[in-house]
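Participant: Here it is, the structure, as structure tokens.
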Amino acid sequence: MSKTKASSLSAGLIAKKGQAVPAATSVDGSAELPTPAAVSAAQAPVASVEPAPSSRPASVDVIPADAPADGGKKKDSRIPMTVKLEFELYERLKTHVTRLKGQGVRKSSSQDIFVEALEEYLAKHADKVG
């Protein structure tokens, strides 16, 4: 097994989008390799430089100084949590959620059930916390 010298990495190896060519045309390497200079501008697709059409009017919108920085979008202020359940309890919860959805109950997700149960628990035990 003979060792071959590694090719040098240079800027000539970088191809622009649409101008890349295969490094070799055959597995045995007997075919001539194309060089970056071999790729002519005529082979490259022509790119349009026109701006994309906008659905917004050309006028400039005035944004009040006291407007929220996020553009008025409401951020989700909820904190994600993980709850580990025994398999049987998980199955009961999923079955219950499926039945609620089948009855057309609007708030019928595991999230809604957990939040409602936690709120009831905290209200029930509010006198015990100092």
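Following the order of the structure tokens, first chain is A, next is B, and so on, with residues numbered from 1 inside each chain and ligands from 1 in the order they appear.
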Might you pull out every residue within 12 Å of Asp112 of chain A, with only C-alpha atoms counted and same-chain residues fewer than 6 positions away left off, and present them as a list in words?
Facilitator: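 The contact residues come out as Leu93, Val97, Leu100, Val105, Arg106, Leu118 and Glu119 of chain A.
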Participant: Create the file for the chosen residues now, containing all heavy atoms and written as an mmCIF file, in the first residue's frame.
Facilitator:
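Result file is out05.cif:
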```
data_model
loop_
_atom_site.group_PDB
_atom_site.id
_atom_site.type_symbol
_atom_site.label_atom_id
_atom_site.label_comp_id
_atom_site.auth_asym_id
_atom_site.auth_seq_id
_atom_site.Cartn_x
_atom_site.Cartn_y
_atom_site.Cartn_z
ATOM 1 N N LEU A 93 -54.450 8.602 32.100
ATOM 2 C CA LEU A 93 -54.527 10.004 31.686
ATOM 3 C C LEU A 93 -54.812 10.096 30.186
ATOM 4 O O LEU A 93 -55.700 10.853 29.759
ATOM 5 C CB LEU A 93 -53.222 10.734 32.027
ATOM 6 C CG LEU A 93 -53.107 12.178 31.546
ATOM 7 C CD1 LEU A 93 -54.151 13.060 32.222
ATOM 8 C CD2 LEU A 93 -51.709 12.710 31.805
ATOM 9 N N VAL A 97 -58.085 11.763 28.395
ATOM 10 C CA VAL A 97 -57.971 12.858 27.425
ATOM 11 C C VAL A 97 -58.668 12.479 26.120
ATOM 12 O O VAL A 97 -59.389 13.287 25.533
ATOM 13 C CB VAL A 97 -56.480 13.211 27.180
ATOM 14 C CG1 VAL A 97 -56.311 14.094 25.965
ATOM 15 C CG2 VAL A 97 -55.885 13.874 28.405
ATOM 16 N N LEU A 100 -62.388 12.792 26.618
ATOM 17 C CA LEU A 100 -62.807 14.194 26.653
ATOM 18 C C LEU A 100 -62.864 14.781 25.254
ATOM 19 O O LEU A 100 -63.802 15.496 24.900
ATOM 20 C CB LEU A 100 -61.858 15.024 27.524
ATOM 21 C CG LEU A 100 -61.938 14.809 29.029
ATOM 22 C CD1 LEU A 100 -60.844 15.601 29.740
ATOM 23 C CD2 LEU A 100 -63.302 15.230 29.562
ATOM 24 N N VAL A 105 -64.989 18.287 24.460
ATOM 25 C CA VAL A 105 -64.562 19.204 25.516
ATOM 26 C C VAL A 105 -63.416 20.047 24.971
ATOM 27 O O VAL A 105 -62.438 19.530 24.432
ATOM 28 C CB VAL A 105 -64.120 18.430 26.781
ATOM 29 C CG1 VAL A 105 -63.597 19.373 27.838
ATOM 30 C CG2 VAL A 105 -65.285 17.617 27.307
ATOM 31 N N ARG A 106 -63.536 21.376 25.095
ATOM 32 C CA ARG A 106 -62.557 22.288 24.503
ATOM 33 C C ARG A 106 -61.188 22.153 25.133
ATOM 34 O O ARG A 106 -60.184 22.034 24.456
ATOM 35 C CB ARG A 106 -63.071 23.725 24.621
ATOM 36 C CG ARG A 106 -62.309 24.678 23.743
ATOM 37 C CD ARG A 106 -62.944 26.048 23.721
ATOM 38 N NE ARG A 106 -61.850 26.990 23.920
ATOM 39 C CZ ARG A 106 -61.840 27.952 24.801
ATOM 40 N NH1 ARG A 106 -62.867 28.148 25.566
ATOM 41 N NH2 ARG A 106 -60.819 28.757 24.916
ATOM 42 N N LEU A 118 -53.121 21.301 39.551
ATOM 43 C CA LEU A 118 -52.155 22.031 40.368
ATOM 44 C C LEU A 118 -52.795 23.264 41.001
ATOM 45 O O LEU A 118 -52.563 23.557 42.179
ATOM 46 C CB LEU A 118 -50.938 22.434 39.526
ATOM 47 C CG LEU A 118 -49.831 23.171 40.260
ATOM 48 C CD1 LEU A 118 -49.283 22.334 41.422
ATOM 49 C CD2 LEU A 118 -48.713 23.532 39.297
ATOM 50 N N GLU A 119 -53.607 23.975 40.224
ATOM 51 C CA GLU A 119 -54.299 25.143 40.779
ATOM 52 C C GLU A 119 -55.226 24.733 41.931
ATOM 53 O O GLU A 119 -55.276 25.407 42.965
ATOM 54 C CB GLU A 119 -55.089 25.857 39.681
ATOM 55 C CG GLU A 119 -54.196 26.626 38.725
ATOM 56 C CD GLU A 119 -54.946 27.207 37.540
ATOM 57 O OE1 GLU A 119 -56.121 26.822 37.299
ATOM 58 O OE2 GLU A 119 -54.350 28.035 36.840
#
```
Participant: In Å, how far is it from atom CA of Gln103 of chain A to atom CA of Glu88 of chain A?
Facilitator: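 Separation of atom CA of Gln103 of chain A and atom CA of Glu88 of chain A: 22.8 Å.
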Participant: Return the single residue from A:Gln19, A:Gln111, A:Ser8, A:Thr95 that is closest to Arg78 of chain A, with distances computed using only C-alpha atoms.
Facilitator: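 Residue with the minimum atom-to-atom distance to Arg78 of chain A: A:Gln111.
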Participant: Give me, as an NGL selection string, all polymer residues having an atom no more than 12 Å from Thr82 of chain A, counting only C-alpha atoms and skipping those fewer than 3 positions away in the same chain.
Facilitator: :A and (79 or 85 or 111 or 114)
Participant: Next, dump the selected residues to file, keeping only N, CA, C and O atoms, as a PDB file, in the first residue's frame.
Facilitator:
```pdb
ATOM      1  N   ILE A  79     -43.346  28.134  31.938  1.00  0.00           N
ATOM      2  CA  ILE A  79     -42.085  27.449  32.178  1.00  0.00           C
ATOM      3  C   ILE A  79     -42.287  25.961  31.890  1.00  0.00           C
ATOM      4  O   ILE A  79     -43.190  25.337  32.450  1.00  0.00           O
ATOM      5  N   LEU A  85     -44.430   9.755  35.197  1.00  0.00           N
ATOM      6  CA  LEU A  85     -45.588   9.013  35.675  1.00  0.00           C
ATOM      7  C   LEU A  85     -45.347   7.527  35.546  1.00  0.00           C
ATOM      8  O   LEU A  85     -44.635   7.082  34.646  1.00  0.00           O
ATOM      9  N   GLN A 111     -51.854  18.842  29.429  1.00  0.00           N
ATOM     10  CA  GLN A 111     -51.404  20.130  29.973  1.00  0.00           C
ATOM     11  C   GLN A 111     -52.533  20.793  30.755  1.00  0.00           C
ATOM     12  O   GLN A 111     -52.342  21.245  31.891  1.00  0.00           O
ATOM     13  N   PHE A 114     -53.203  18.932  34.039  1.00  0.00           N
ATOM     14  CA  PHE A 114     -52.171  19.178  35.051  1.00  0.00           C
ATOM     15  C   PHE A 114     -52.304  20.571  35.657  1.00  0.00           C
ATOM     16  O   PHE A 114     -52.199  20.740  36.875  1.00  0.00           O
TER      17      PHE A 114
END
```
